[in-house]
Each structure stands twice: as C-alpha cells, then as structure tokens.
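What follows is the content of final-v7.txt (compact mmCIF, C-alpha atoms and all ligand atoms).
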```txt
# COMPACT_ATOMS: atom_id res chain seq x y z
CA MET S 1 18.79 13.18 -12.73
CA ASN S 2 17.20 14.80 -15.76
CA TYR S 3 18.69 12.07 -17.97
CA LEU S 4 16.05 9.71 -16.53
CA LEU S 5 13.22 12.04 -17.52
CA THR S 6 11.38 12.60 -20.79
CA GLU S 7 11.29 16.03 -22.40
CA GLU S 8 7.67 16.42 -21.33
CA GLN S 9 8.54 15.54 -17.71
CA ILE S 10 11.41 18.06 -17.68
CA MET S 11 9.13 20.79 -19.05
CA LEU S 12 6.52 20.04 -16.40
CA LYS S 13 9.18 20.07 -13.66
CA GLU S 14 10.48 23.45 -14.83
CA MET S 15 6.99 24.91 -15.07
CA VAL S 16 6.10 23.77 -11.54
CA HIS S 17 9.46 24.93 -10.20
CA LYS S 18 8.82 28.45 -11.53
CA PHE S 19 5.25 28.53 -10.21
CA ALA S 20 6.26 27.21 -6.79
CA LYS S 21 9.28 29.49 -6.41
CA GLU S 22 7.43 32.63 -7.47
CA ARG S 23 3.96 32.04 -6.04
CA ILE S 24 4.36 29.62 -3.13
CA GLY S 25 7.84 30.34 -1.77
CA PRO S 26 7.23 33.97 -0.75
CA VAL S 27 4.10 33.18 1.30
CA ALA S 28 4.85 29.68 2.59
CA ALA S 29 6.40 30.54 5.98
CA ASP S 30 3.73 33.11 6.87
CA ASN S 31 0.87 30.86 5.80
CA GLU S 32 2.33 27.97 7.78
CA ARG S 33 2.90 30.00 10.92
CA ASN S 34 -0.68 31.28 10.77
CA HIS S 35 -2.38 27.96 9.92
CA ARG S 36 -3.65 29.56 6.69
CA PHE S 37 -4.94 27.25 3.95
CA PRO S 38 -3.50 28.54 0.63
CA ALA S 39 -6.83 28.62 -1.24
CA ASP S 40 -5.61 31.07 -3.94
CA ILE S 41 -2.53 28.92 -4.64
CA ILE S 42 -4.59 25.75 -4.89
CA LYS S 43 -6.91 27.50 -7.36
CA GLU S 44 -3.90 28.46 -9.50
CA ALA S 45 -2.48 24.94 -9.17
CA GLY S 46 -5.81 23.68 -10.54
CA GLU S 47 -5.59 26.07 -13.49
CA LEU S 48 -2.10 24.72 -14.24
CA GLY S 49 -3.41 21.14 -14.21
CA LEU S 50 -1.58 20.18 -11.01
CA MET S 51 -4.67 18.82 -9.22
CA GLY S 52 -5.14 16.08 -11.81
CA ILE S 53 -1.75 15.42 -13.39
CA ALA S 54 -1.85 11.67 -13.95
CA TYR S 55 -5.45 11.29 -15.16
CA PRO S 56 -6.96 11.28 -18.66
CA SER S 57 -8.20 14.47 -20.26
CA ASP S 58 -11.52 12.66 -20.89
CA TYR S 59 -12.27 13.33 -17.23
CA GLY S 60 -10.52 16.73 -17.09
CA GLY S 61 -7.03 15.49 -16.15
CA ALA S 62 -3.68 16.62 -17.58
CA ASP S 63 -2.94 13.33 -19.37
CA MET S 64 0.51 12.95 -17.83
CA ASP S 65 2.02 10.14 -15.78
CA TYR S 66 3.04 9.32 -12.20
CA ILE S 67 6.64 10.45 -12.67
CA SER S 68 5.28 13.87 -13.66
CA TYR S 69 3.11 13.74 -10.54
CA MET S 70 6.15 12.86 -8.39
CA LEU S 71 8.13 15.77 -9.88
CA ALA S 72 5.28 18.23 -9.34
CA VAL S 73 4.72 17.25 -5.69
CA GLU S 74 8.48 17.45 -5.07
CA GLU S 75 8.78 20.91 -6.66
CA VAL S 76 5.78 22.26 -4.73
CA SER S 77 7.01 20.71 -1.45
CA ARG S 78 10.46 22.23 -2.03
CA TRP S 79 8.77 25.54 -1.23
CA CYS S 80 5.85 24.47 0.93
CA ALA S 81 5.31 20.97 2.29
CA SER S 82 1.76 21.88 3.37
CA THR S 83 0.79 22.71 -0.20
CA GLY S 84 2.53 19.49 -1.28
CA VAL S 85 0.34 17.34 0.96
CA ILE S 86 -2.83 19.21 0.02
CA ILE S 87 -2.17 18.27 -3.62
CA SER S 88 -0.98 14.77 -2.78
CA ALA S 89 -3.91 13.82 -0.52
CA HIS S 90 -6.37 15.24 -3.05
CA SER S 91 -4.80 13.43 -6.03
CA SER S 92 -3.55 10.14 -4.64
CA LEU S 93 -6.17 9.51 -1.99
CA VAL S 94 -9.31 10.81 -3.67
CA CYS S 95 -8.93 11.19 -7.46
CA ASP S 96 -7.02 7.92 -7.73
CA PRO S 97 -9.56 5.60 -6.01
CA ILE S 98 -12.47 7.21 -7.86
CA TYR S 99 -10.62 6.73 -11.15
CA ARG S 100 -9.55 3.19 -10.26
CA PHE S 101 -12.61 1.81 -8.46
CA GLY S 102 -15.48 4.14 -9.42
CA THR S 103 -18.33 3.33 -11.76
CA GLU S 104 -18.51 5.31 -15.00
CA GLU S 105 -21.29 7.43 -13.41
CA GLN S 106 -19.13 8.19 -10.36
CA LYS S 107 -16.17 9.15 -12.56
CA GLN S 108 -18.33 11.45 -14.70
CA LYS S 109 -19.92 12.97 -11.64
CA TYR S 110 -16.84 13.66 -9.50
CA LEU S 111 -13.63 13.64 -11.54
CA PRO S 112 -14.05 16.77 -13.70
CA ASP S 113 -14.45 19.04 -10.65
CA LEU S 114 -11.72 17.25 -8.68
CA LEU S 115 -9.13 17.04 -11.46
CA SER S 116 -9.57 20.72 -12.33
CA GLY S 117 -9.22 21.68 -8.66
CA ASN S 118 -12.74 23.22 -8.58
CA LYS S 119 -13.39 20.89 -5.67
CA ILE S 120 -10.94 19.53 -3.14
CA GLY S 121 -11.01 15.96 -1.88
CA ALA S 122 -10.20 14.32 1.47
CA PHE S 123 -9.67 10.68 2.40
CA SER S 124 -10.95 9.49 5.74
CA LEU S 125 -9.71 6.09 6.86
CA SER S 126 -8.22 6.70 10.32
CA GLU S 127 -10.13 6.77 13.60
CA SER S 128 -9.07 7.24 17.21
CA GLY S 129 -8.74 3.45 17.61
CA ALA S 130 -7.83 2.65 14.00
CA GLY S 131 -4.49 4.09 12.90
CA SER S 132 -1.84 1.59 11.87
CA ASP S 133 -4.55 -1.03 12.43
CA ALA S 134 -6.75 0.59 9.79
CA GLY S 135 -9.06 -2.41 9.67
CA ALA S 136 -10.25 -1.73 13.22
CA THR S 137 -12.67 0.93 11.97
CA LYS S 138 -15.72 1.40 14.23
CA THR S 139 -17.67 3.69 11.90
CA THR S 140 -20.60 1.73 10.53
CA ALA S 141 -22.63 1.80 7.35
CA VAL S 142 -25.91 -0.10 7.49
CA LEU S 143 -28.14 -0.65 4.48
CA GLN S 144 -31.75 0.31 5.28
CA GLY S 145 -34.02 -0.10 2.26
CA ASP S 146 -32.15 1.62 -0.55
CA LYS S 147 -30.12 3.93 1.72
CA TRP S 148 -26.86 3.54 3.60
CA ILE S 149 -26.94 4.96 7.14
CA LEU S 150 -23.50 5.95 8.44
CA ASN S 151 -22.52 6.61 12.05
CA GLY S 152 -19.15 7.22 13.65
CA ALA S 153 -16.23 9.60 13.92
CA LYS S 154 -13.16 9.64 11.68
CA LEU S 155 -9.90 11.39 12.59
CA TRP S 156 -7.03 13.16 10.86
CA ALA S 157 -8.51 13.80 7.40
CA THR S 158 -6.05 15.98 5.47
CA ASN S 159 -8.04 18.70 3.60
CA GLY S 160 -11.01 17.67 5.78
CA ASN S 161 -11.98 21.27 6.46
CA GLU S 162 -11.98 22.41 2.82
CA ALA S 163 -13.01 19.24 1.02
CA GLU S 164 -16.25 19.01 -0.90
CA VAL S 165 -15.81 15.31 -1.69
CA TYR S 166 -14.77 12.70 0.88
CA ILE S 167 -13.77 9.09 0.43
CA LEU S 168 -14.69 7.47 3.70
CA ILE S 169 -14.10 3.94 4.96
CA ALA S 170 -16.75 2.28 7.14
CA SER S 171 -17.58 -1.17 8.43
CA THR S 172 -20.46 -2.78 6.52
CA ASP S 173 -20.15 -6.14 8.29
CA PRO S 174 -18.41 -5.79 11.69
CA SER S 175 -18.37 -9.59 12.19
CA GLN S 176 -16.02 -9.93 9.20
CA LYS S 177 -13.50 -7.27 10.39
CA VAL S 178 -11.26 -6.26 7.43
CA LYS S 179 -13.37 -8.39 5.11
CA GLY S 180 -16.45 -6.40 6.12
CA ILE S 181 -15.22 -2.90 5.27
CA SER S 182 -16.44 -0.72 2.39
CA ALA S 183 -15.57 2.62 0.83
CA PHE S 184 -18.05 5.44 0.24
CA ILE S 185 -18.11 8.79 -1.51
CA ILE S 186 -19.70 11.54 0.57
CA GLU S 187 -20.39 15.08 -0.55
CA LYS S 188 -19.94 18.11 1.65
CA GLY S 189 -23.22 19.31 3.11
CA THR S 190 -24.79 15.85 3.38
CA PRO S 191 -27.00 16.18 6.50
CA GLY S 192 -25.38 14.65 9.59
CA CYS S 193 -21.85 14.79 8.16
CA TYR S 194 -19.76 17.61 9.57
CA VAL S 195 -16.25 18.67 10.43
CA GLY S 196 -15.35 18.28 14.12
CA LYS S 197 -12.04 19.14 15.78
CA LEU S 198 -9.26 20.69 13.71
CA GLU S 199 -5.85 19.49 14.89
CA ARG S 200 -3.14 21.92 16.07
CA LYS S 201 0.04 20.37 14.71
CA LEU S 202 3.83 20.47 14.91
CA GLY S 203 4.18 21.23 11.18
CA ILE S 204 2.40 21.38 7.80
CA LYS S 205 0.09 23.88 9.48
CA SER S 206 -1.29 25.32 6.23
CA SER S 207 -3.02 22.01 5.56
CA SER S 208 -6.05 21.16 7.66
CA THR S 209 -6.29 17.88 9.58
CA ALA S 210 -9.88 17.32 10.60
CA GLU S 211 -12.21 15.07 12.49
CA ILE S 212 -15.23 14.03 10.39
CA ILE S 213 -18.36 13.26 12.35
CA LEU S 214 -21.19 11.15 10.97
CA GLU S 215 -24.57 11.14 12.67
CA ASN S 216 -27.22 9.10 10.87
CA VAL S 217 -25.84 10.20 7.52
CA GLU S 218 -28.08 8.93 4.70
CA LEU S 219 -26.34 8.04 1.46
CA PRO S 220 -27.86 6.62 -1.71
CA LYS S 221 -26.86 3.08 -2.64
CA GLU S 222 -24.70 4.49 -5.46
CA ALA S 223 -22.39 6.15 -2.91
CA LEU S 224 -20.57 2.82 -2.46
CA LEU S 225 -17.10 3.01 -4.06
CA GLY S 226 -15.89 -0.34 -5.37
CA GLU S 227 -17.41 -3.63 -4.27
CA LEU S 228 -19.29 -4.19 -1.04
CA ASN S 229 -16.96 -5.44 1.73
CA LYS S 230 -13.87 -4.86 -0.46
CA GLY S 231 -13.13 -1.42 0.98
CA PHE S 232 -9.97 -2.53 2.76
CA LYS S 233 -8.46 -3.38 -0.61
CA VAL S 234 -9.58 0.02 -1.95
CA ALA S 235 -7.83 1.65 1.02
CA MET S 236 -4.61 -0.38 0.71
CA VAL S 237 -4.27 0.10 -3.06
CA THR S 238 -4.98 3.80 -2.57
CA LEU S 239 -2.29 4.07 0.12
CA ASP S 240 0.31 2.49 -2.20
CA GLY S 241 -0.21 5.44 -4.53
CA GLY S 242 -0.39 7.85 -1.59
CA ARG S 243 3.05 6.70 -0.47
CA LEU S 244 4.50 7.93 -3.76
CA GLY S 245 2.98 11.34 -3.02
CA ILE S 246 4.42 11.44 0.50
CA ALA S 247 7.83 10.21 -0.72
CA SER S 248 7.77 13.08 -3.23
CA GLN S 249 6.76 15.53 -0.52
CA ALA S 250 9.68 14.28 1.61
CA LEU S 251 12.07 14.70 -1.36
CA GLY S 252 10.95 18.31 -1.68
CA ILE S 253 11.62 18.96 2.01
CA ALA S 254 15.04 17.26 1.80
CA ARG S 255 16.00 19.35 -1.22
CA ALA S 256 14.87 22.56 0.44
CA ALA S 257 17.03 21.71 3.45
CA ILE S 258 20.07 20.97 1.26
CA GLU S 259 19.73 24.06 -0.93
CA ASP S 260 19.30 26.36 2.06
CA ALA S 261 22.22 24.72 3.89
CA ILE S 262 24.55 25.12 0.90
CA LYS S 263 23.58 28.79 0.47
CA TYR S 264 24.03 29.55 4.16
CA SER S 265 27.35 27.72 4.41
CA LYS S 266 28.80 29.93 1.67
CA GLU S 267 27.51 33.16 3.25
CA ARG S 268 28.30 32.51 6.91
CA PHE S 269 31.83 33.48 7.94
CA GLN S 270 33.54 32.16 11.05
CA PHE S 271 37.28 32.15 11.70
CA ASP S 272 37.60 34.59 8.74
CA GLN S 273 36.25 32.18 6.14
CA PRO S 274 32.97 30.74 4.92
CA ILE S 275 31.95 27.74 6.99
CA SER S 276 31.67 25.77 3.72
CA ASN S 277 35.50 25.61 3.87
CA PHE S 278 35.28 23.31 6.89
CA GLN S 279 35.36 19.62 6.12
CA ALA S 280 32.78 18.94 8.84
CA ILE S 281 30.26 21.06 6.90
CA GLN S 282 31.25 19.57 3.53
CA TRP S 283 30.69 16.05 4.82
CA MET S 284 27.26 16.93 6.13
CA ILE S 285 26.32 18.38 2.73
CA ALA S 286 27.68 15.32 0.93
CA ASP S 287 25.75 12.95 3.19
CA MET S 288 22.55 14.96 2.71
CA TRP S 289 22.87 14.82 -1.07
CA VAL S 290 23.51 11.05 -1.10
CA ARG S 291 20.42 10.45 1.04
CA TYR S 292 18.33 12.70 -1.23
CA GLU S 293 19.43 11.15 -4.53
CA ALA S 294 19.07 7.57 -3.26
CA ALA S 295 15.51 8.33 -2.12
CA TRP S 296 14.78 10.14 -5.40
CA LEU S 297 15.81 7.05 -7.37
CA LEU S 298 13.64 4.76 -5.26
CA THR S 299 10.68 7.11 -5.73
CA TRP S 300 11.28 7.42 -9.46
CA ARG S 301 11.43 3.62 -9.76
CA ALA S 302 8.18 3.10 -7.85
CA SER S 303 6.46 5.83 -9.92
CA LYS S 304 7.67 4.19 -13.12
CA MET S 305 6.36 0.81 -11.95
CA LYS S 306 2.96 2.38 -11.23
CA ASN S 307 2.96 3.93 -14.71
CA GLU S 308 3.61 0.51 -16.20
CA GLY S 309 0.83 -1.18 -14.23
CA MET S 310 3.22 -3.38 -12.23
CA ASP S 311 2.73 -4.39 -8.60
CA TYR S 312 4.71 -1.65 -6.83
CA SER S 313 3.47 -1.99 -3.25
CA ARG S 314 6.88 -2.94 -1.78
CA GLU S 315 8.71 -0.36 -3.89
CA ALA S 316 6.26 2.37 -2.80
CA ALA S 317 6.86 1.43 0.85
CA MET S 318 10.65 1.50 0.27
CA ALA S 319 10.46 4.91 -1.41
CA LYS S 320 8.28 6.39 1.34
CA LEU S 321 10.41 4.90 4.13
CA ASP S 322 13.69 6.08 2.66
CA ALA S 323 12.51 9.51 1.49
CA SER S 324 10.90 10.34 4.84
CA GLU S 325 14.02 9.33 6.76
CA ALA S 326 16.16 11.29 4.27
CA ALA S 327 13.95 14.36 4.84
CA MET S 328 14.40 14.09 8.62
CA PHE S 329 18.16 13.58 8.20
CA CYS S 330 18.56 16.54 5.85
CA ALA S 331 16.36 18.89 7.88
CA ASN S 332 18.31 18.01 11.03
CA LYS S 333 21.65 18.67 9.30
CA ALA S 334 20.32 21.90 7.79
CA ILE S 335 19.64 23.22 11.29
CA GLN S 336 23.09 22.08 12.40
CA ILE S 337 24.74 23.94 9.52
CA HIS S 338 22.73 27.09 10.35
CA GLY S 339 23.87 26.85 13.99
CA GLY S 340 21.76 28.90 16.43
CA PHE S 341 20.08 30.78 13.58
CA GLY S 342 18.71 27.48 12.33
CA TYR S 343 16.78 27.13 15.55
CA THR S 344 14.93 30.40 14.98
CA GLU S 345 12.06 31.39 12.72
CA ASP S 346 14.38 33.81 10.87
CA PHE S 347 15.33 30.89 8.61
CA ASN S 348 13.26 28.14 7.03
CA ALA S 349 15.35 25.24 8.38
CA GLU S 350 13.17 24.91 11.49
CA ARG S 351 10.03 24.65 9.29
CA TYR S 352 11.63 21.92 7.19
CA TYR S 353 12.44 20.01 10.38
CA ARG S 354 8.87 20.30 11.70
CA ASP S 355 7.40 19.42 8.29
CA ALA S 356 9.73 16.46 7.72
CA LYS S 357 8.56 14.61 10.84
CA ILE S 358 5.05 13.93 9.59
CA THR S 359 6.36 12.11 6.52
CA GLU S 360 7.54 9.33 8.86
CA ILE S 361 4.04 9.00 10.30
CA TYR S 362 1.15 9.46 7.88
CA GLU S 363 0.05 7.04 5.17
CA GLY S 364 1.70 4.35 7.26
CA THR S 365 4.42 4.94 9.85
CA SER S 366 8.02 3.92 9.13
CA GLU S 367 7.40 0.80 11.23
CA ILE S 368 4.44 -0.12 9.01
CA GLN S 369 6.52 0.48 5.85
CA ARG S 370 9.18 -1.91 7.23
CA LEU S 371 6.43 -4.41 7.97
CA VAL S 372 5.13 -4.18 4.36
CA ILE S 373 8.65 -4.61 2.95
CA ALA S 374 9.59 -7.50 5.25
CA ARG S 375 6.29 -9.33 4.67
CA SER S 376 6.78 -9.18 0.93
CA LEU S 377 10.33 -10.52 1.26
CA LEU S 378 9.40 -13.28 3.68
CA LYS S 379 6.29 -14.62 1.93
C1 LIG X 401 -1.07 15.49 10.08
C2 LIG X 401 -1.74 14.17 9.84
C3 LIG X 401 -2.46 13.97 8.67
C4 LIG X 401 -3.10 12.76 8.44
N1 LIG X 401 -3.87 12.61 7.31
C5 LIG X 401 -4.68 11.50 7.20
C6 LIG X 401 -5.64 11.41 6.16
O1 LIG X 401 -5.74 12.27 5.27
N2 LIG X 401 -6.49 10.35 6.16
C7 LIG X 401 -6.41 9.36 7.09
O2 LIG X 401 -7.21 8.42 7.04
N3 LIG X 401 -5.47 9.39 8.07
C8 LIG X 401 -4.61 10.45 8.14
N4 LIG X 401 -3.69 10.52 9.16
C9 LIG X 401 -3.56 9.41 10.10
C10 LIG X 401 -2.23 8.68 9.97
O3 LIG X 401 -2.20 7.92 8.79
C11 LIG X 401 -2.02 7.87 11.25
O4 LIG X 401 -1.72 8.79 12.28
C12 LIG X 401 -0.92 6.83 11.11
O5 LIG X 401 -1.29 5.82 10.21
C13 LIG X 401 -0.54 6.21 12.44
O6 LIG X 401 -1.66 5.82 13.17
P1 LIG X 401 -1.79 6.26 14.71
O7 LIG X 401 -1.55 7.72 14.76
O8 LIG X 401 -3.07 5.75 15.25
O9 LIG X 401 -0.58 5.55 15.43
P2 LIG X 401 -0.57 4.05 16.04
O10 LIG X 401 -1.09 3.09 15.03
O11 LIG X 401 -1.22 4.07 17.37
O12 LIG X 401 0.98 3.81 16.21
C14 LIG X 401 1.72 4.22 17.36
C15 LIG X 401 3.11 3.63 17.25
O13 LIG X 401 3.04 2.18 17.25
C16 LIG X 401 3.68 1.68 16.08
N5 LIG X 401 2.98 0.48 15.61
C17 LIG X 401 1.64 0.29 15.46
N6 LIG X 401 1.39 -0.93 14.98
C18 LIG X 401 2.58 -1.54 14.81
C19 LIG X 401 3.01 -2.83 14.32
N7 LIG X 401 2.12 -3.73 13.90
N8 LIG X 401 4.33 -3.10 14.29
C20 LIG X 401 5.23 -2.19 14.70
N9 LIG X 401 4.90 -0.95 15.17
C21 LIG X 401 3.60 -0.64 15.21
C22 LIG X 401 3.59 2.80 15.06
O14 LIG X 401 4.56 2.67 14.04
C23 LIG X 401 3.81 4.02 15.95
O15 LIG X 401 5.19 4.18 16.18
C24 LIG X 401 -3.01 11.72 9.38
C25 LIG X 401 -2.25 11.91 10.55
C26 LIG X 401 -1.64 13.12 10.80
C27 LIG X 401 -0.89 13.32 12.09
```
Could you show the structure in this file as structure tokens?
Amino acid sequence: MNYLLTEEQIMLKEMVHKFAKERIGPVAADNERNHRFPADIIKEAGELGLMGIAYPSDYGGADMDYISYMLAVEEVSRWCASTGVIISAHSSLVCDPIYRFGTEEQKQKYLPDLLSGNKIGAFSLSESGAGSDAGATKTTAVLQGDKWILNGAKLWATNGNEAEVYILIASTDPSQKVKGISAFIIEKGTPGCYVGKLERKLGIKSSSTAEIILENVELPKEALLGELNKGFKVAMVTLDGGRLGIASQALGIARAAIEDAIKYSKERFQFDQPISNFQAIQWMIADMWVRYEAAWLLTWRASKMKNEGMDYSREAAMAKLDASEAAMFCANKAIQIHGGFGYTEDFNAERYYRDAKITEIYEGTSEIQRLVIARSLLK
C-alpha cells in the first residue's frame, strides 16, 4: 500500500522496520515470557523520535503526522505487541491530551521529556467498577483551599509501573456523574500516589498493567488538565486517538501472523510436498491477507482524517474494531497453519494469539466500538 504513502512516511516505515527487526525481534519472545519491560528498547525508540512522532519539534516532537505514527506502531508491533502498546499508550493517551488540552505551561513542563522518551506516561481512567462505563469513576478530587485532594484506586494503567507522568481521571462533582469528571496530571513520587497490584496477564506481558492508588494526594490547582468538569470529554477525545494506536498494534500482530504462516507453509513438508501446495492452506493465507489489508485501509483513513482535523470518532472505532478482529482471525489461522507446533512456545504464533486478544478489549471493547458506530449512524 506504499502508493498511499508519502516519501517521508515510507522512509519512516523503513527505518522503524529495520530498528524493530534488528533490535526488538530477537528479544521479544524472551522479554514477553519473563514479563520484562524493554527499558533499553524504549530508550532507543526515544532517541529515534518514536515516542513523539506526531507532535511539533517546538515541544521536542518529530514533526510528523498520524499516518507516520500508525506505520511506526504497526512496524514495532509486528515484532513485539508489548512494545507497540507501550509506545501507543504513552503517545496517544498521555502526550496527545497534554498537547491538545494542556495550558502552555503544562506543555512546556511535560512534553519535552515525554516526546523524547526521557519520561514515560500512563493514562488512568479505568477502575474496578468503571470499565466500559468509564463515567462511573469513584475516585474523587476535592478542592481544599488552593489544593486538589485525590482519593481512590484506579486499575489497569498500561505503563503504570514505569511511568513518571500520569493522566488520571477523577470525579470533581459526583452529583453530576459524567458531567462532574475532570482530568489531572500527576507526577511520579507525589506523596500518597503509588503503584498497587501489577496484573499477571494472558499476553503483552512485557508491558506493565498497574493499579494506581491515591491516598490524600495533594495536587496544586494547576494540575487540572483541560476545563473543570470536562474531563469525560478529555477522556473520550483521547480514546479516539488511542484507538488508532491499538488498531495499528493489531495490524502489526496480524502481519506477523501472516508472514510467519507463509514462511512456515513453504518450509513444512507433508505428503512429500510443502503444505503451501494445499488449497486449504492457500485459502487461509488469502483470507488472512484480505482481513489485514481491509483493516489497514480503515486505519489509514482514520489516521488521515485525524491529520486533517476532521471528526474521526466513528472511523477510529471502525478501524479498531476491524483491525482487532483481523488480528484475532490471523493469529488463529497462523496457529492452524503451524499445526501442533503452533501450539508450542517453539514458534511465535502462540504469542501473536495471546497478544491479539487484548486488542478486542482495551480502549473500548468490540461491543463498545459497535455501540459508538451504531450511535453515530442512528443519530
Ligand atoms: C492489559 C490491559 C491494559 C489496559 N490499559 C488501560 C489503560 O492504560 N488505562 C485505562 O484507563 N484502562 C486500561 N485498561 C482497561 C480497559 O480499557 C477495560 O478493561 C475495558 O474498557 C473494559 O472494561 P472492563 O474490563 O471493566 O469490562 P466491562 O465493562 O465490565 O465489560 C464486560 C463485558 O460487558 C460488555 N459490555 C459492557 N457494557 C456494555 C454495553 N453498554 N453494551 C454491550 N456490551 C457491554 C463488554 O463489551 C464486555 O464484553 C486496560 C485493560 C487491560 C486488560
């Protein structure tokens, strides 16, 4: 699909492909199996500009666009979906809302370190009782004098264990429900704010998923991100962008599954011939590629719409829904094509399958994406 890309986007894609294949590919399976956060790789990604692709150089970004971001997350996720989500959560869920909703002081204070990858960010919206129903947040922020006092427990923050900057959503007026929610920026080490349980997961084990506990956390008034009681909008706009990141991650997983399945089908002999000679295998490969390219086009379109400042909420939901289901489809077929070997850790197909599943769940489940799409069609 290079004909849809600019020269600059193709160069970026090739650069990230080389970096990911040489630096991430060889260590991905071992890191994932051992729940090891790839700190050295993230540092290098920062040096290459991958932690702040779509943001202006005035704040330390790489001055590129959201299609470049999509391509980079896909290329990284082709080799390691954990590294893909570390970059995606950091960029889409933390850099983006600070850039979009932050005051000039907040941008100057946080973006240079985040966009260069010197500091990692995490976004903390979910709670035990507030998942799909993100507005049901029970964490509170109460203004006392000129300080906000935060109390509560957030769940599932990707990068939560390594982050030095958190975007956190809390209720500032519980009587108003979603209209009484606000966003805050919290720095690591703020007294009373600490990392709780780290989740043991099915896949993407190199990325941390952490509980964030808040006990009488005092924040200055300037820690508010965006307008008071408009935090639900901050969260929803942020998740639109996040869905492009997760769609791109899913594309990377799908492509990994396809490339490995093609390679294996040519090398594996049964009945005195490569299994790629069998029509049953050829049809699986054809179906995988159609699913991948269709999802790629949807993701490219949504990224282009974001670049152009259009409303792309429905298109982001469509891209994320389709790409995540394509990733599951392709990972499943990749195991099938590998036969029994695909079920073992000797091949990467089982990792792709485990990693693919989460793309149907986080940043809005597939049911929530369908809800977003249907609501926009029915309004
Ligand atoms: C590995 C991992 C990383 C994550 N990273 C982050 C992060 O960085 N930051 C963050 O804030 N959160 C994060 N999350 C949370 C994630 O976004 C939520 O898990 C997700 O939104 C679903 O919420 P839930 O788990 O509470 O499921 P629930 O909302 O309880 O959903 C359970 C089931 O009910 C369905 N359902 C719920 N409501 C409806 C409805 N109205 N219509 C139809 N079906 C419905 C769902 O689709 C699902 O099938 C992460 C989660 C995981 C597992």
Exercise for review: Go through the chains and note each residue within 6 Å of ligand LIG 401 (chain X), using only C-alpha atoms and all ligand atoms, then give the set as a list of chain:residue names.
Suggested key: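 If we count only C-alpha atoms and all ligand atoms, the neighbours of ligand LIG 401 (chain X) turn out to be S:Phe123, S:Ser124, S:Leu125, S:Ser126, S:Ala130, S:Gly131, S:Ser132, S:Asp133, S:Trp156, S:Ala157, S:Thr158, S:Thr209, S:Ile361, S:Tyr362, S:Glu363, S:Gly364, S:Thr365, S:Glu367, S:Ile368.
For the pair atom CA of S:Glu162 and atom CA of S:Leu12, the interatomic distance is 26.8 Å.
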Review point. With distances taken over all atoms listed in the file, which of S:Leu71, S:Met318, S:Leu50, S:Leu225 is nearest to S:Met1?
Key: S:Leu71
Practice item. Using all atoms listed in the file, find the one residue out of S:Phe278, S:Ala254, S:Trp296, S:Tyr312 that sits nearest to S:Lys333. Key: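 Of S:Phe278, S:Ala254, S:Trp296, S:Tyr312, the one nearest S:Lys333, counting all atoms listed in the file, is S:Ala254.
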**Study point:** Nearest to S:Ile24, chosen from S:Ser206, S:Tyr166, S:Tyr110, S:Ala136, with all atoms listed in the file counted in the distances
**Key:**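 Counting all atoms listed in the file, the residue closest to S:Ile24 is S:Ser206.
Counting only C-alpha atoms and comparing S:Ile262, S:Asn277, S:Asp240, S:Pro191, the residue that lies closest to S:Met310 is S:Asp240.
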Review point. At what distance in Å, to one decimal, does atom CA of S:Asp346 lie from atom CA of S:Phe271?
Key: 23.0 Å
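Shortest atom-to-atom contact with S:Asn229 among S:Ser276, S:Ser175, S:Gln249, S:Thr83: S:Ser175, counting all atoms listed in the file.
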Taking all atoms of stretch 93-107 of chain S that the file lists and extending 5 Å past them on each side, where is the centre of the axis-aligned box and how long are its edges? Answer in Å to one decimal, as lines of an AutoDock Vina configuration file.
```
center_x = -13.7
center_y = 6.5
center_z = -8.5
size_x = 25.1
size_y = 19.4
size_z = 23.0
```
Exercise for review: Take atom CA of S:Tyr55 and atom CA of S:Ala89 and report the distance between them in Å, one decimal.
Suggested key: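 Calculated distance between atom CA of S:Tyr55 and atom CA of S:Ala89 is 14.9 Å.
Within 10 Å of S:Pro38, once only C-alpha atoms are used and residues closer than 4 positions along the same chain are dropped, the contacting residues are Ile24, Val27, Ala28, Asn31, Glu32, Ile42, Lys43, Ser82, Thr83, Ile86, Ser206 and Ser207 of chain S.
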I need the chosen residues saved as a tab-separated table (two decimals), keeping the file's coordinate frame, with C-alpha atoms.
```
chain	number	residue	atom	x	y	z
S	24	ILE	CA	4.36	29.62	-3.13
S	27	VAL	CA	4.10	33.18	1.30
S	28	ALA	CA	4.85	29.68	2.59
S	31	ASN	CA	0.87	30.86	5.80
S	32	GLU	CA	2.33	27.97	7.78
S	42	ILE	CA	-4.59	25.75	-4.89
S	43	LYS	CA	-6.91	27.50	-7.36
S	82	SER	CA	1.76	21.88	3.37
S	83	THR	CA	0.79	22.71	-0.20
S	86	ILE	CA	-2.83	19.21	0.02
S	206	SER	CA	-1.29	25.32	6.23
S	207	SER	CA	-3.02	22.01	5.56
```
Point to revise | Residue among S:Ala316, S:Ala334, S:Ala295, S:Met328 lying closest to S:Glu259, counting all atoms listed in the file | key: S:Ala334
Contacts of S:Met64 at 10 Å or less, counting all atoms listed in the file, minus same-chain residues fewer than 5 places along, as a short mmCIF file (atom, residue, chain, number, x, y, z; two decimals) with C-alpha atoms, in the frame of the given file?
```cif
data_model
loop_
_atom_site.label_atom_id
_atom_site.label_comp_id
_atom_site.auth_asym_id
_atom_site.auth_seq_id
_atom_site.Cartn_x
_atom_site.Cartn_y
_atom_site.Cartn_z
CA GLU S 8 7.67 16.42 -21.33
CA GLN S 9 8.54 15.54 -17.71
CA LEU S 12 6.52 20.04 -16.40
CA GLY S 49 -3.41 21.14 -14.21
CA GLY S 52 -5.14 16.08 -11.81
CA ILE S 53 -1.75 15.42 -13.39
CA ALA S 54 -1.85 11.67 -13.95
CA TYR S 55 -5.45 11.29 -15.16
CA PRO S 56 -6.96 11.28 -18.66
CA SER S 57 -8.20 14.47 -20.26
CA TYR S 69 3.11 13.74 -10.54
CA ASN S 307 2.96 3.93 -14.71
#
```
Exercise for review: Mind listing whatever residues come within 6 Å of the point (-9.1, 9.3, 15.0)? Use all atoms listed in the file, file coordinates, and give them as a ChimeraX atom specification.
Suggested key: /S:126-128,154-155
